[in-house]
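Peer 1: Sharing upload_37.json below, JSON, C-alpha atoms:
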```json
[["chain", "number", "residue", "atom", "x", "y", "z"],
["R", 1211, "MET", "CA", -42.81, -53.92, 8.47],
["R", 1212, "GLU", "CA", -39.29, -53.02, 7.76],
["R", 1213, "HIS", "CA", -38.00, -49.57, 7.76],
["R", 1214, "THR", "CA", -35.68, -48.55, 5.06],
["R", 1215, "VAL", "CA", -33.87, -45.44, 5.94],
["R", 1216, "HIS", "CA", -33.03, -43.23, 3.04],
["R", 1217, "GLN", "CA", -30.20, -41.07, 4.07],
["R", 1218, "THR", "CA", -29.53, -38.16, 1.89],
["R", 1219, "HIS", "CA", -25.81, -37.68, 1.87],
["R", 1220, "ASP", "CA", -25.36, -34.11, 2.48],
["R", 1221, "HIS", "CA", -21.71, -33.17, 2.42],
["R", 1222, "TYR", "CA", -21.48, -30.65, 5.13],
["R", 1223, "ASP", "CA", -18.02, -30.38, 6.61],
["R", 1224, "PRO", "CA", -17.48, -27.05, 8.35],
["R", 1225, "GLU", "CA", -13.84, -27.70, 9.09],
["R", 1226, "ALA", "CA", -12.99, -28.44, 5.46],
["R", 1227, "SER", "CA", -14.97, -25.37, 4.38],
["R", 1228, "LYS", "CA", -12.97, -23.27, 6.75],
["R", 1229, "ILE", "CA", -9.63, -24.61, 5.49],
["R", 1230, "GLY", "CA", -10.79, -23.93, 1.93],
["R", 1231, "MET", "CA", -11.66, -20.35, 2.83],
["R", 1232, "TRP", "CA", -8.30, -19.84, 4.50],
["R", 1233, "LEU", "CA", -6.45, -21.20, 1.47],
["R", 1234, "PHE", "CA", -8.34, -18.72, -0.69],
["R", 1235, "ILE", "CA", -7.50, -15.93, 1.78],
["R", 1236, "PHE", "CA", -3.80, -16.85, 1.49],
["R", 1237, "THR", "CA", -3.93, -16.30, -2.28],
["R", 1238, "GLU", "CA", -5.56, -12.92, -1.64],
["R", 1239, "LEU", "CA", -2.88, -12.01, 0.89],
["R", 1240, "LEU", "CA", -0.17, -12.80, -1.63],
["R", 1241, "LEU", "CA", -1.99, -10.79, -4.34],
["R", 1242, "PHE", "CA", -2.08, -7.69, -2.13],
["R", 1243, "GLY", "CA", 1.29, -8.63, -0.66],
["R", 1244, "GLY", "CA", 2.86, -8.31, -4.10],
["R", 1245, "LEU", "CA", 1.37, -4.83, -4.44],
["R", 1246, "PHE", "CA", 2.67, -3.89, -0.99],
["R", 1247, "VAL", "CA", 6.17, -4.99, -2.05],
["R", 1248, "ILE", "CA", 5.90, -2.81, -5.18],
["R", 1249, "TYR", "CA", 4.70, 0.10, -3.03],
["R", 1250, "SER", "CA", 7.56, -0.21, -0.54],
["R", 1251, "VAL", "CA", 10.24, -0.47, -3.23],
["R", 1252, "TYR", "CA", 8.96, 2.61, -5.10],
["R", 1253, "ARG", "CA", 8.62, 4.49, -1.86],
["R", 1254, "PHE", "CA", 12.20, 3.57, -0.98],
["R", 1255, "LEU", "CA", 13.35, 4.85, -4.40],
["R", 1256, "ASN", "CA", 11.24, 8.08, -4.37],
["R", 1257, "PRO", "CA", 10.89, 9.13, -0.72],
["R", 1258, "GLU", "CA", 10.33, 12.88, -1.30],
["R", 1259, "ALA", "CA", 7.80, 12.45, -4.10],
["R", 1260, "PHE", "CA", 5.79, 9.98, -1.99],
["R", 1261, "HIS", "CA", 5.78, 12.43, 0.93],
["R", 1262, "LEU", "CA", 4.58, 15.23, -1.28],
["R", 1263, "ALA", "CA", 1.89, 13.18, -3.02],
["R", 1264, "ALA", "CA", 0.54, 11.72, 0.25],
["R", 1265, "GLU", "CA", -0.20, 15.28, 1.43],
["R", 1266, "GLU", "CA", -2.95, 15.37, -1.21],
["R", 1267, "LEU", "CA", -4.93, 12.60, 0.48],
["R", 1268, "ASN", "CA", -7.66, 13.42, 2.94],
["R", 1269, "ARG", "CA", -6.74, 12.01, 6.35],
["R", 1270, "ALA", "CA", -10.20, 12.63, 7.79],
["R", 1271, "ILE", "CA", -11.99, 10.54, 5.12],
["R", 1272, "GLY", "CA", -9.34, 7.84, 5.51],
["R", 1273, "THR", "CA", -9.83, 7.71, 9.28],
["R", 1274, "ILE", "CA", -13.64, 7.66, 9.00],
["R", 1275, "ASN", "CA", -13.48, 4.83, 6.46],
["R", 1276, "THR", "CA", -11.11, 2.88, 8.70],
["R", 1277, "ILE", "CA", -13.54, 3.11, 11.61],
["R", 1278, "ILE", "CA", -16.47, 2.17, 9.35],
["R", 1279, "LEU", "CA", -14.67, -1.00, 8.26],
["R", 1280, "LEU", "CA", -13.63, -1.89, 11.80],
["R", 1281, "VAL", "CA", -17.23, -1.56, 13.05],
["R", 1282, "SER", "CA", -18.53, -3.62, 10.10],
["R", 1283, "SER", "CA", -16.00, -6.34, 10.93],
["R", 1284, "ALA", "CA", -17.27, -6.42, 14.50],
["R", 1285, "THR", "CA", -20.93, -6.66, 13.36],
["R", 1286, "ILE", "CA", -20.30, -9.59, 10.96],
["R", 1287, "ALA", "CA", -18.33, -11.35, 13.72],
["R", 1288, "MET", "CA", -21.27, -10.78, 16.07],
["R", 1289, "ALA", "CA", -23.62, -12.20, 13.41],
["R", 1290, "THR", "CA", -21.66, -15.47, 13.62],
["R", 1291, "SER", "CA", -22.26, -15.57, 17.37],
["R", 1292, "ALA", "CA", -25.95, -14.67, 16.94],
["R", 1293, "ILE", "CA", -26.62, -17.54, 14.49],
["R", 1294, "GLN", "CA", -25.05, -20.00, 16.92],
["R", 1295, "LYS", "CA", -27.51, -18.82, 19.54],
["R", 1296, "ASN", "CA", -30.19, -19.44, 16.90],
["R", 1297, "ASN", "CA", -31.25, -15.83, 16.86],
["R", 1298, "LYS", "CA", -32.18, -15.38, 13.22],
["R", 1299, "ARG", "CA", -33.55, -11.85, 13.52],
["R", 1300, "GLN", "CA", -30.45, -10.57, 15.23],
["R", 1301, "THR", "CA", -28.19, -12.36, 12.73],
["R", 1302, "LEU", "CA", -29.95, -10.77, 9.78],
["R", 1303, "LEU", "CA", -29.94, -7.36, 11.44],
["R", 1304, "LEU", "CA", -26.19, -7.53, 12.15],
["R", 1305, "MET", "CA", -25.50, -8.61, 8.56],
["R", 1306, "LEU", "CA", -27.66, -5.78, 7.24],
["R", 1307, "VAL", "CA", -25.68, -3.30, 9.34],
["R", 1308, "THR", "CA", -22.47, -4.74, 7.89],
["R", 1309, "VAL", "CA", -23.71, -4.31, 4.31],
["R", 1310, "LEU", "CA", -24.90, -0.76, 5.00],
["R", 1311, "LEU", "CA", -21.55, 0.17, 6.52],
["R", 1312, "ALA", "CA", -19.82, -1.29, 3.46],
["R", 1313, "LEU", "CA", -22.06, 0.85, 1.28],
["R", 1314, "THR", "CA", -21.15, 3.95, 3.32],
["R", 1315, "PHE", "CA", -17.48, 3.10, 2.82],
["R", 1316, "LEU", "CA", -18.02, 2.98, -0.95],
["R", 1317, "VAL", "CA", -19.95, 6.27, -0.96],
["R", 1318, "ASN", "CA", -17.06, 7.95, 0.88],
["R", 1319, "LYS", "CA", -14.66, 6.39, -1.61],
["R", 1320, "TYR", "CA", -16.76, 7.77, -4.46],
["R", 1321, "PHE", "CA", -16.55, 11.33, -3.12],
["R", 1322, "GLU", "CA", -12.88, 10.92, -2.35],
["R", 1323, "TRP", "CA", -12.00, 9.69, -5.84],
["R", 1324, "GLY", "CA", -14.39, 12.27, -7.32],
["R", 1325, "ALA", "CA", -12.45, 15.08, -5.60],
["R", 1326, "LYS", "CA", -9.17, 13.68, -6.96],
["R", 1327, "PHE", "CA", -10.61, 13.50, -10.48],
["R", 1328, "GLY", "CA", -11.83, 17.10, -10.04],
["R", 1329, "HIS", "CA", -8.24, 18.15, -9.30],
["R", 1330, "GLY", "CA", -7.07, 16.41, -12.46],
["R", 1331, "ILE", "CA", -5.62, 13.47, -10.54],
["R", 1332, "PHE", "CA", -6.54, 10.25, -12.29],
["R", 1333, "PRO", "CA", -4.63, 7.61, -14.28],
["R", 1334, "GLY", "CA", -3.46, 8.98, -17.61],
["R", 1335, "SER", "CA", -4.25, 12.59, -16.75],
["R", 1336, "GLU", "CA", -2.44, 15.33, -18.77],
["R", 1337, "HIS", "CA", -2.39, 17.55, -15.69],
["R", 1338, "MET", "CA", -0.39, 14.93, -13.77],
["R", 1339, "ILE", "CA", 2.12, 14.40, -16.58],
["R", 1340, "GLN", "CA", 2.75, 18.14, -16.84],
["R", 1341, "THR", "CA", 2.87, 19.17, -13.19],
["R", 1342, "MET", "CA", 4.04, 16.12, -11.25],
["R", 1343, "SER", "CA", 7.29, 14.25, -10.90],
["R", 1344, "LYS", "CA", 7.62, 10.59, -11.88],
["R", 1345, "GLY", "CA", 7.51, 9.59, -8.20],
["R", 1346, "GLU", "CA", 4.23, 11.40, -7.54],
["R", 1347, "ILE", "CA", 2.65, 9.82, -10.62],
["R", 1348, "LEU", "CA", 3.80, 6.44, -9.32],
["R", 1349, "PHE", "CA", 2.26, 7.16, -5.92],
["R", 1350, "PHE", "CA", -1.12, 7.98, -7.42],
["R", 1351, "GLY", "CA", -0.93, 5.04, -9.81],
["R", 1352, "LEU", "CA", -0.44, 2.73, -6.82],
["R", 1353, "TYR", "CA", -3.10, 4.60, -4.85],
["R", 1354, "PHE", "CA", -5.74, 4.05, -7.54],
["R", 1355, "ILE", "CA", -4.78, 0.43, -8.21],
["R", 1356, "MET", "CA", -4.56, -0.64, -4.57],
["R", 1357, "THR", "CA", -7.59, 1.21, -3.21],
["R", 1358, "GLY", "CA", -9.49, 0.31, -6.40],
["R", 1359, "LEU", "CA", -8.72, -3.38, -6.03],
["R", 1360, "HIS", "CA", -9.68, -3.10, -2.37],
["R", 1361, "ALA", "CA", -12.98, -1.40, -3.29],
["R", 1362, "LEU", "CA", -13.65, -4.28, -5.72],
["R", 1363, "HIS", "CA", -13.17, -6.65, -2.78],
["R", 1364, "ILE", "CA", -15.65, -4.59, -0.77],
["R", 1365, "ILE", "CA", -18.22, -5.00, -3.56],
["R", 1366, "ILE", "CA", -17.59, -8.77, -3.78],
["R", 1367, "GLY", "CA", -17.78, -9.03, 0.03],
["R", 1368, "MET", "CA", -21.13, -7.20, 0.03],
["R", 1369, "ALA", "CA", -22.50, -9.54, -2.64],
["R", 1370, "PHE", "CA", -21.26, -12.54, -0.63],
["R", 1371, "ILE", "CA", -22.87, -11.27, 2.59],
["R", 1372, "ILE", "CA", -26.17, -10.47, 0.85],
["R", 1373, "PHE", "CA", -26.17, -14.01, -0.62],
["R", 1374, "VAL", "CA", -25.64, -15.46, 2.87],
["R", 1375, "MET", "CA", -28.41, -13.19, 4.20],
["R", 1376, "VAL", "CA", -30.85, -14.65, 1.65],
["R", 1377, "LEU", "CA", -29.88, -18.20, 2.66],
["R", 1378, "THR", "CA", -30.24, -17.31, 6.35],
["R", 1379, "ALA", "CA", -33.67, -15.79, 5.75],
["R", 1380, "ARG", "CA", -34.71, -18.99, 3.94],
["R", 1381, "GLY", "CA", -33.51, -21.07, 6.87],
["R", 1382, "LYS", "CA", -30.72, -22.79, 4.93],
["R", 1383, "ILE", "CA", -28.23, -21.36, 7.38],
["R", 1384, "HIS", "CA", -29.00, -22.00, 11.04],
["R", 1385, "SER", "CA", -27.36, -22.76, 14.36],
["R", 1386, "GLU", "CA", -26.29, -26.24, 13.21],
["R", 1387, "ARG", "CA", -25.10, -25.16, 9.81],
["R", 1388, "PHE", "CA", -23.41, -21.81, 9.63],
["R", 1389, "ALA", "CA", -20.02, -22.44, 7.96],
["R", 1390, "LEU", "CA", -20.95, -20.24, 5.00],
["R", 1391, "LEU", "CA", -21.79, -17.34, 7.27],
["R", 1392, "GLU", "CA", -18.54, -17.83, 9.12],
["R", 1393, "ASN", "CA", -16.63, -17.91, 5.83],
["R", 1394, "SER", "CA", -18.28, -14.74, 4.54],
["R", 1395, "GLY", "CA", -17.13, -13.19, 7.83],
["R", 1396, "LEU", "CA", -13.57, -14.44, 7.25],
["R", 1397, "TYR", "CA", -13.60, -12.84, 3.80],
["R", 1398, "TRP", "CA", -14.88, -9.59, 5.25],
["R", 1399, "HIS", "CA", -12.16, -9.55, 7.94],
["R", 1400, "LEU", "CA", -9.56, -10.08, 5.21],
["R", 1401, "VAL", "CA", -10.86, -6.96, 3.44],
["R", 1402, "ASP", "CA", -10.57, -5.18, 6.79],
["R", 1403, "VAL", "CA", -6.98, -6.39, 7.37],
["R", 1404, "ILE", "CA", -5.91, -5.14, 3.92],
["R", 1405, "TRP", "CA", -7.38, -1.72, 4.68],
["R", 1406, "ILE", "CA", -5.59, -1.66, 8.05],
["R", 1407, "PHE", "CA", -2.34, -1.56, 6.05],
["R", 1408, "LEU", "CA", -3.53, 0.59, 3.14],
["R", 1409, "PHE", "CA", -4.67, 3.33, 5.50],
["R", 1410, "PRO", "CA", -1.33, 4.18, 7.17],
["R", 1411, "LEU", "CA", 0.71, 3.57, 4.00],
["R", 1412, "PHE", "CA", -1.28, 5.99, 1.85],
["R", 1413, "TYR", "CA", -2.95, 8.43, 4.22],
["R", 1414, "LEU", "CA", -0.75, 8.71, 7.28],
["R", 1415, "ILE", "CA", 2.87, 8.52, 6.30],
["R", 1416, "HIS", "CA", 4.05, 11.89, 5.11],
["D", 208, "MET", "CA", -19.19, -38.06, 13.19],
["D", 209, "GLU", "CA", -19.28, -36.48, 16.55],
["D", 210, "LYS", "CA", -20.64, -33.03, 16.94],
["D", 211, "GLU", "CA", -17.83, -30.69, 17.73],
["D", 212, "LYS", "CA", -18.38, -27.95, 20.20],
["D", 213, "HIS", "CA", -18.04, -24.60, 18.58],
["D", 214, "HIS", "CA", -16.91, -21.79, 20.77],
["D", 215, "ILE", "CA", -19.48, -19.00, 20.82],
["D", 216, "VAL", "CA", -17.78, -15.67, 21.33],
["D", 217, "ALA", "CA", -19.79, -13.33, 23.54],
["D", 218, "PHE", "CA", -20.74, -9.92, 22.14],
["D", 219, "PRO", "CA", -18.84, -7.90, 24.76],
["D", 220, "THR", "CA", -15.59, -9.59, 23.68],
["D", 221, "TYR", "CA", -16.10, -8.33, 20.13],
["D", 222, "LEU", "CA", -17.05, -4.88, 21.35],
["D", 223, "TRP", "CA", -13.93, -4.59, 23.52],
["D", 224, "VAL", "CA", -11.77, -5.69, 20.59],
["D", 225, "LEU", "CA", -13.52, -3.06, 18.46],
["D", 226, "VAL", "CA", -12.84, -0.36, 21.08],
["D", 227, "GLY", "CA", -9.18, -1.41, 21.11],
["D", 228, "LEU", "CA", -8.99, -1.25, 17.31],
["D", 229, "ILE", "CA", -10.52, 2.23, 17.21],
["D", 230, "ILE", "CA", -8.15, 3.51, 19.91],
["D", 231, "LEU", "CA", -5.20, 2.09, 17.95],
["D", 232, "THR", "CA", -6.49, 3.83, 14.79],
["D", 233, "PHE", "CA", -6.52, 7.21, 16.55],
["D", 234, "LEU", "CA", -3.13, 6.43, 18.06],
["D", 235, "SER", "CA", -1.67, 5.82, 14.60],
["D", 236, "VAL", "CA", -3.21, 9.07, 13.32],
["D", 237, "GLY", "CA", -1.71, 10.87, 16.32],
["D", 238, "ILE", "CA", 1.72, 9.29, 16.08],
["D", 239, "THR", "CA", 2.08, 10.13, 12.38],
["D", 240, "SER", "CA", 1.09, 13.77, 12.99],
["D", 241, "ILE", "CA", 4.28, 14.32, 14.98],
["D", 242, "GLU", "CA", 7.51, 14.53, 12.99],
["D", 243, "LEU", "CA", 9.51, 11.50, 14.05],
["D", 244, "GLY", "CA", 11.32, 10.90, 10.78],
["D", 245, "GLU", "CA", 11.99, 7.23, 10.13],
["D", 246, "LEU", "CA", 10.19, 6.27, 13.32],
["D", 247, "THR", "CA", 6.87, 7.52, 11.90],
["D", 248, "VAL", "CA", 6.77, 4.72, 9.31],
["D", 249, "ALA", "CA", 7.90, 2.14, 11.85],
["D", 250, "GLY", "CA", 5.33, 3.33, 14.41],
["D", 251, "ALA", "CA", 2.45, 3.26, 11.92],
["D", 252, "LEU", "CA", 3.40, -0.22, 10.72],
["D", 253, "VAL", "CA", 3.78, -1.59, 14.25],
["D", 254, "ILE", "CA", 0.30, -0.30, 15.13],
["D", 255, "ALA", "CA", -1.13, -1.77, 11.90],
["D", 256, "SER", "CA", 0.45, -5.13, 12.80],
["D", 257, "VAL", "CA", -1.05, -5.07, 16.30],
["D", 258, "LYS", "CA", -4.47, -4.27, 14.79],
["D", 259, "THR", "CA", -4.09, -7.15, 12.31],
["D", 260, "LEU", "CA", -3.16, -9.48, 15.13],
["D", 261, "LEU", "CA", -6.32, -8.46, 17.03],
["D", 262, "VAL", "CA", -8.51, -9.01, 13.96],
["D", 263, "LEU", "CA", -6.92, -12.41, 13.25],
["D", 264, "THR", "CA", -7.10, -13.58, 16.85],
["D", 265, "TYR", "CA", -10.63, -12.53, 17.77],
["D", 266, "PHE", "CA", -12.67, -11.58, 14.69],
["D", 267, "MET", "CA", -11.24, -14.40, 12.59],
["D", 268, "HIS", "CA", -11.53, -16.83, 15.53],
["D", 269, "LEU", "CA", -7.95, -18.04, 15.38],
["D", 270, "LYS", "CA", -7.84, -18.04, 19.17],
["D", 271, "PHE", "CA", -10.59, -20.66, 19.25],
["D", 272, "ASP", "CA", -9.49, -22.67, 16.21],
["D", 273, "LYS", "CA", -7.32, -25.76, 16.17],
["D", 274, "PRO", "CA", -3.57, -25.03, 16.32],
["D", 275, "TYR", "CA", -2.89, -26.24, 12.76],
["D", 276, "ILE", "CA", -4.95, -23.37, 11.30],
["D", 277, "ARG", "CA", -2.94, -20.90, 13.39],
["D", 278, "ILE", "CA", 0.29, -22.49, 12.15],
["D", 279, "MET", "CA", -0.83, -22.22, 8.51],
["D", 280, "VAL", "CA", -1.74, -18.55, 8.88],
["D", 281, "GLY", "CA", 1.48, -17.78, 10.73],
["D", 282, "PHE", "CA", 3.46, -19.56, 8.01],
["D", 283, "VAL", "CA", 1.90, -17.50, 5.21],
["D", 284, "PHE", "CA", 2.60, -14.23, 7.03],
["D", 285, "ALA", "CA", 6.16, -15.40, 7.66],
["D", 286, "VAL", "CA", 6.63, -16.14, 3.93],
["D", 287, "PHE", "CA", 5.42, -12.64, 3.11],
["D", 288, "LEU", "CA", 7.81, -11.10, 5.64],
["D", 289, "VAL", "CA", 10.72, -13.07, 4.17],
["D", 290, "VAL", "CA", 9.83, -11.84, 0.65],
["D", 291, "ILE", "CA", 9.87, -8.21, 1.90],
["D", 292, "ILE", "CA", 13.20, -8.69, 3.71],
["D", 293, "ILE", "CA", 14.89, -10.34, 0.70],
["D", 294, "THR", "CA", 13.59, -7.62, -1.65],
["D", 295, "PHE", "CA", 15.05, -4.94, 0.61],
["D", 296, "PHE", "CA", 18.40, -6.71, 0.89],
["D", 297, "ASP", "CA", 18.52, -6.42, -2.87],
["D", 298, "TYR", "CA", 17.65, -2.71, -3.03],
["D", 299, "TYR", "CA", 19.58, -1.65, 0.02],
["D", 300, "TYR", "CA", 22.92, -3.11, -1.12],
["D", 301, "ARG", "CA", 22.77, -2.13, -4.77]]
```
Let's see the structure in the file written out as structure tokens.
Peer 2:
Amino acid sequence: MEHTVHQTHDHYDPEASKIGMWLFIFTELLLFGGLFVIYSVYRFLNPEAFHLAAEELNRAIGTINTIILLVSSATIAMATSAIQKNNKRQTLLLMLVTVLLALTFLVNKYFEWGAKFGHGIFPGSEHMIQTMSKGEILFFGLYFIMTGLHALHIIIGMAFIIFVMVLTARGKIHSERFALLENSGLYWHLVDVIWIFLFPLFYLIH
Amino acid sequence: MEKEKHHIVAFPTYLWVLVGLIILTFLSVGITSIELGELTVAGALVIASVKTLLVLTYFMHLKFDKPYIRIMVGFVFAVFLVVIIITFFDYYYR
């Protein structure tokens, strides 16, 4: 009897996936890069106002959020190692920790923004128009846009990681096939890298 | 297609990198608390760049990837740097 082998052509190419993810990350870098250029030019044009406005930001919350993101980056990176050792439980646990840390970051952000809103600092606020200089309004405009866009990336990153967690739990991602997990990690590290620059530029430099 | 060996990074490596990143974070908070004038901005940005380099090298696996990926990433960062420099030539000499 002859054997006919039906091969299902399953296009799995981890290297190509990785290049694709990097290309996407480049577009993200240029998106935030453009905003960083705008920030530096306005800061150059309004140095005093930017100093004054940055005093309003809470360094402690900024520092805590930085450490939260750094730890979450380490845990997702460790998840990539764990899946390669075929340790599913550990992989899922590390990813869960990452998602929970991301959630903590967002909760902090909520209280931080809430406090600003409470002080009448939000886009289009009458209080700002009456009491602040043009430069300070610019600073807060950039603050809300850049940290807001970053927070949106945190939410997308969380959704991405949860999606990968579901696939890992179902056994679709395993030690022989983990490019998606690696790519979700790359995305998460990108979010971390952007925050590494947002933190000193908004919270530290007065 | 041959199976390629994928470098598995050991947990302690990641933890040491994390410790380094956290120390650098506190260092940047400390350095910006002292009045150094122009140097404050420079110091904070240098530390942020070192942190980014650590994240790219270890967390994003560039150290263990093929050289062409490293070259691509380096190229994009270089393009961004050039854009910043050209923009500031414009504003500085107006």
Peer 1: List the spatial neighbours of D:Val280 as a list in words - criterion: any atom at most 12 Å away, all atoms listed in the file, same-chain residues fewer than 2 positions off excluded.
Peer 2: Ile1229, Met1231, Trp1232, Leu1233, Phe1234, Ile1235, Phe1236, Thr1237 and Leu1239 of chain R; Leu260, Leu263, Thr264, Met267, His268, Leu269, Lys270, Asp272, Lys273, Pro274, Tyr275, Ile276, Arg277, Ile278, Phe282, Val283, Phe284, Ala285, Val286 and Phe287 of chain D
Peer 1: Could you write out the selected residues, including C-alpha atoms, as a short mmCIF file (atom, residue, chain, number, x, y, z; two decimals), in the frame of the given file?
Peer 2:
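Everything below was put into again_22.cif:
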```
data_model
loop_
_atom_site.label_atom_id
_atom_site.label_comp_id
_atom_site.auth_asym_id
_atom_site.auth_seq_id
_atom_site.Cartn_x
_atom_site.Cartn_y
_atom_site.Cartn_z
CA ILE R 1229 -9.63 -24.61 5.49
CA MET R 1231 -11.66 -20.35 2.83
CA TRP R 1232 -8.30 -19.84 4.50
CA LEU R 1233 -6.45 -21.20 1.47
CA PHE R 1234 -8.34 -18.72 -0.69
CA ILE R 1235 -7.50 -15.93 1.78
CA PHE R 1236 -3.80 -16.85 1.49
CA THR R 1237 -3.93 -16.30 -2.28
CA LEU R 1239 -2.88 -12.01 0.89
CA LEU D 260 -3.16 -9.48 15.13
CA LEU D 263 -6.92 -12.41 13.25
CA THR D 264 -7.10 -13.58 16.85
CA MET D 267 -11.24 -14.40 12.59
CA HIS D 268 -11.53 -16.83 15.53
CA LEU D 269 -7.95 -18.04 15.38
CA LYS D 270 -7.84 -18.04 19.17
CA ASP D 272 -9.49 -22.67 16.21
CA LYS D 273 -7.32 -25.76 16.17
CA PRO D 274 -3.57 -25.03 16.32
CA TYR D 275 -2.89 -26.24 12.76
CA ILE D 276 -4.95 -23.37 11.30
CA ARG D 277 -2.94 -20.90 13.39
CA ILE D 278 0.29 -22.49 12.15
CA PHE D 282 3.46 -19.56 8.01
CA VAL D 283 1.90 -17.50 5.21
CA PHE D 284 2.60 -14.23 7.03
CA ALA D 285 6.16 -15.40 7.66
CA VAL D 286 6.63 -16.14 3.93
CA PHE D 287 5.42 -12.64 3.11
#
```
Peer 1: Report, in Å with one decimal, the straight-line distance from atom CA of R:Pro1224 to atom CA of R:Phe1242.
Peer 2: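 Atom CA of R:Pro1224 sits 26.9 Å away from atom CA of R:Phe1242.
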Peer 1: Given only C-alpha atoms as the basis, pick out the residue of D:Phe266, D:Gly227, D:Ile293, D:Met279 nearest to chain R.
Peer 2: D:Phe266
Peer 1: Give the answer as one residue: which of R:Asn1256, R:Asn1393, R:Asn1318, R:Ser1250 has the shortest atom-to-atom distance to R:Ser1343, using all atoms listed in the file?
Peer 2: R:Asn1256
Peer 1: Using 7 Å as the limit and counting all atoms listed in the file, can you tabulate each residue of chain R that touches chain D, with its shortest atom-to-atom distance in Å and the two atoms involved, as JSON lines?
Peer 2:
```
{"residue": "R:Phe1236", "atom": "CA", "partner": "D:Val283", "partner_atom": "CA", "distance": 6.8}
{"residue": "R:Gly1243", "atom": "CA", "partner": "D:Phe287", "partner_atom": "CA", "distance": 6.9}
{"residue": "R:Val1247", "atom": "CA", "partner": "D:Ile291", "partner_atom": "CA", "distance": 6.3}
{"residue": "R:Ile1277", "atom": "CA", "partner": "D:Ile229", "partner_atom": "CA", "distance": 6.4}
{"residue": "R:Leu1280", "atom": "CA", "partner": "D:Leu225", "partner_atom": "CA", "distance": 6.8}
{"residue": "R:Val1281", "atom": "CA", "partner": "D:Leu225", "partner_atom": "CA", "distance": 6.7}
{"residue": "R:Ala1284", "atom": "CA", "partner": "D:Tyr221", "partner_atom": "CA", "distance": 6.1}
{"residue": "R:Ala1287", "atom": "CA", "partner": "D:Phe266", "partner_atom": "CA", "distance": 5.7}
{"residue": "R:Met1288", "atom": "CA", "partner": "D:Phe218", "partner_atom": "CA", "distance": 6.2}
{"residue": "R:Ser1291", "atom": "CA", "partner": "D:Ile215", "partner_atom": "CA", "distance": 5.6}
{"residue": "R:Gln1294", "atom": "CA", "partner": "D:Ile215", "partner_atom": "CA", "distance": 6.9}
{"residue": "R:Leu1396", "atom": "CA", "partner": "D:Met267", "partner_atom": "CA", "distance": 5.8}
{"residue": "R:His1399", "atom": "CA", "partner": "D:Met267", "partner_atom": "CA", "distance": 6.8}
{"residue": "R:Val1403", "atom": "CA", "partner": "D:Thr259", "partner_atom": "CA", "distance": 5.8}
{"residue": "R:Ile1406", "atom": "CA", "partner": "D:Ala255", "partner_atom": "CA", "distance": 5.9}
{"residue": "R:Phe1407", "atom": "CA", "partner": "D:Ala255", "partner_atom": "CA", "distance": 6.0}
{"residue": "R:Pro1410", "atom": "CA", "partner": "D:Ala251", "partner_atom": "CA", "distance": 6.1}
{"residue": "R:Leu1414", "atom": "CA", "partner": "D:Thr239", "partner_atom": "CA", "distance": 6.0}
{"residue": "R:Ile1415", "atom": "CA", "partner": "D:Val248", "partner_atom": "CA", "distance": 6.2}
```
Peer 1: Just to confirm, what's the straight-line distance from atom CA of R:His1329 to atom CA of D:Ile241 in Å (one decimal)?
Peer 2: 27.6 Å
Peer 1: Rounded to one decimal in Å, what is the spacing between atom CA of R:Lys1326 and atom CA of R:Phe1260?
Peer 2: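 A separation of 16.2 Å between them.
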Peer 1: Pick out the residues sitting within 12 Å of R:Gln1340, and hand them over as an NGL selection string; count only C-alpha atoms, and ignore anything fewer than 6 positions along from it in its own chain.
Peer 2: :R and (1330-1331 or 1334 or 1346-1347)
Peer 1: Using only C-alpha atoms, which protein or nucleic acid residues come within 12 Å of R:Ala1264? Drop anything in the same chain fewer than 4 positions from it, and give the result as number ranges by chain.
Peer 2: R: 1253, 1257-1260, 1268-1269, 1272, 1345-1350, 1352-1353, 1409-1416
Peer 1: Based on the selection just made, write C-alpha atoms of those residues as a PDB file, in the coordinates of the input.
Peer 2:
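Once written, again15.pdb looks like this:
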```
ATOM      1  CA  ARG R1253       8.620   4.490  -1.860  1.00  0.00           C
ATOM      2  CA  PRO R1257      10.890   9.130  -0.720  1.00  0.00           C
ATOM      3  CA  GLU R1258      10.330  12.880  -1.300  1.00  0.00           C
ATOM      4  CA  ALA R1259       7.800  12.450  -4.100  1.00  0.00           C
ATOM      5  CA  PHE R1260       5.790   9.980  -1.990  1.00  0.00           C
ATOM      6  CA  ASN R1268      -7.660  13.420   2.940  1.00  0.00           C
ATOM      7  CA  ARG R1269      -6.740  12.010   6.350  1.00  0.00           C
ATOM      8  CA  GLY R1272      -9.340   7.840   5.510  1.00  0.00           C
ATOM      9  CA  GLY R1345       7.510   9.590  -8.200  1.00  0.00           C
ATOM     10  CA  GLU R1346       4.230  11.400  -7.540  1.00  0.00           C
ATOM     11  CA  ILE R1347       2.650   9.820 -10.620  1.00  0.00           C
ATOM     12  CA  LEU R1348       3.800   6.440  -9.320  1.00  0.00           C
ATOM     13  CA  PHE R1349       2.260   7.160  -5.920  1.00  0.00           C
ATOM     14  CA  PHE R1350      -1.120   7.980  -7.420  1.00  0.00           C
ATOM     15  CA  LEU R1352      -0.440   2.730  -6.820  1.00  0.00           C
ATOM     16  CA  TYR R1353      -3.100   4.600  -4.850  1.00  0.00           C
ATOM     17  CA  PHE R1409      -4.670   3.330   5.500  1.00  0.00           C
ATOM     18  CA  PRO R1410      -1.330   4.180   7.170  1.00  0.00           C
ATOM     19  CA  LEU R1411       0.710   3.570   4.000  1.00  0.00           C
ATOM     20  CA  PHE R1412      -1.280   5.990   1.850  1.00  0.00           C
ATOM     21  CA  TYR R1413      -2.950   8.430   4.220  1.00  0.00           C
ATOM     22  CA  LEU R1414      -0.750   8.710   7.280  1.00  0.00           C
ATOM     23  CA  ILE R1415       2.870   8.520   6.300  1.00  0.00           C
ATOM     24  CA  HIS R1416       4.050  11.890   5.110  1.00  0.00           C
TER      25      HIS R1416
END
```
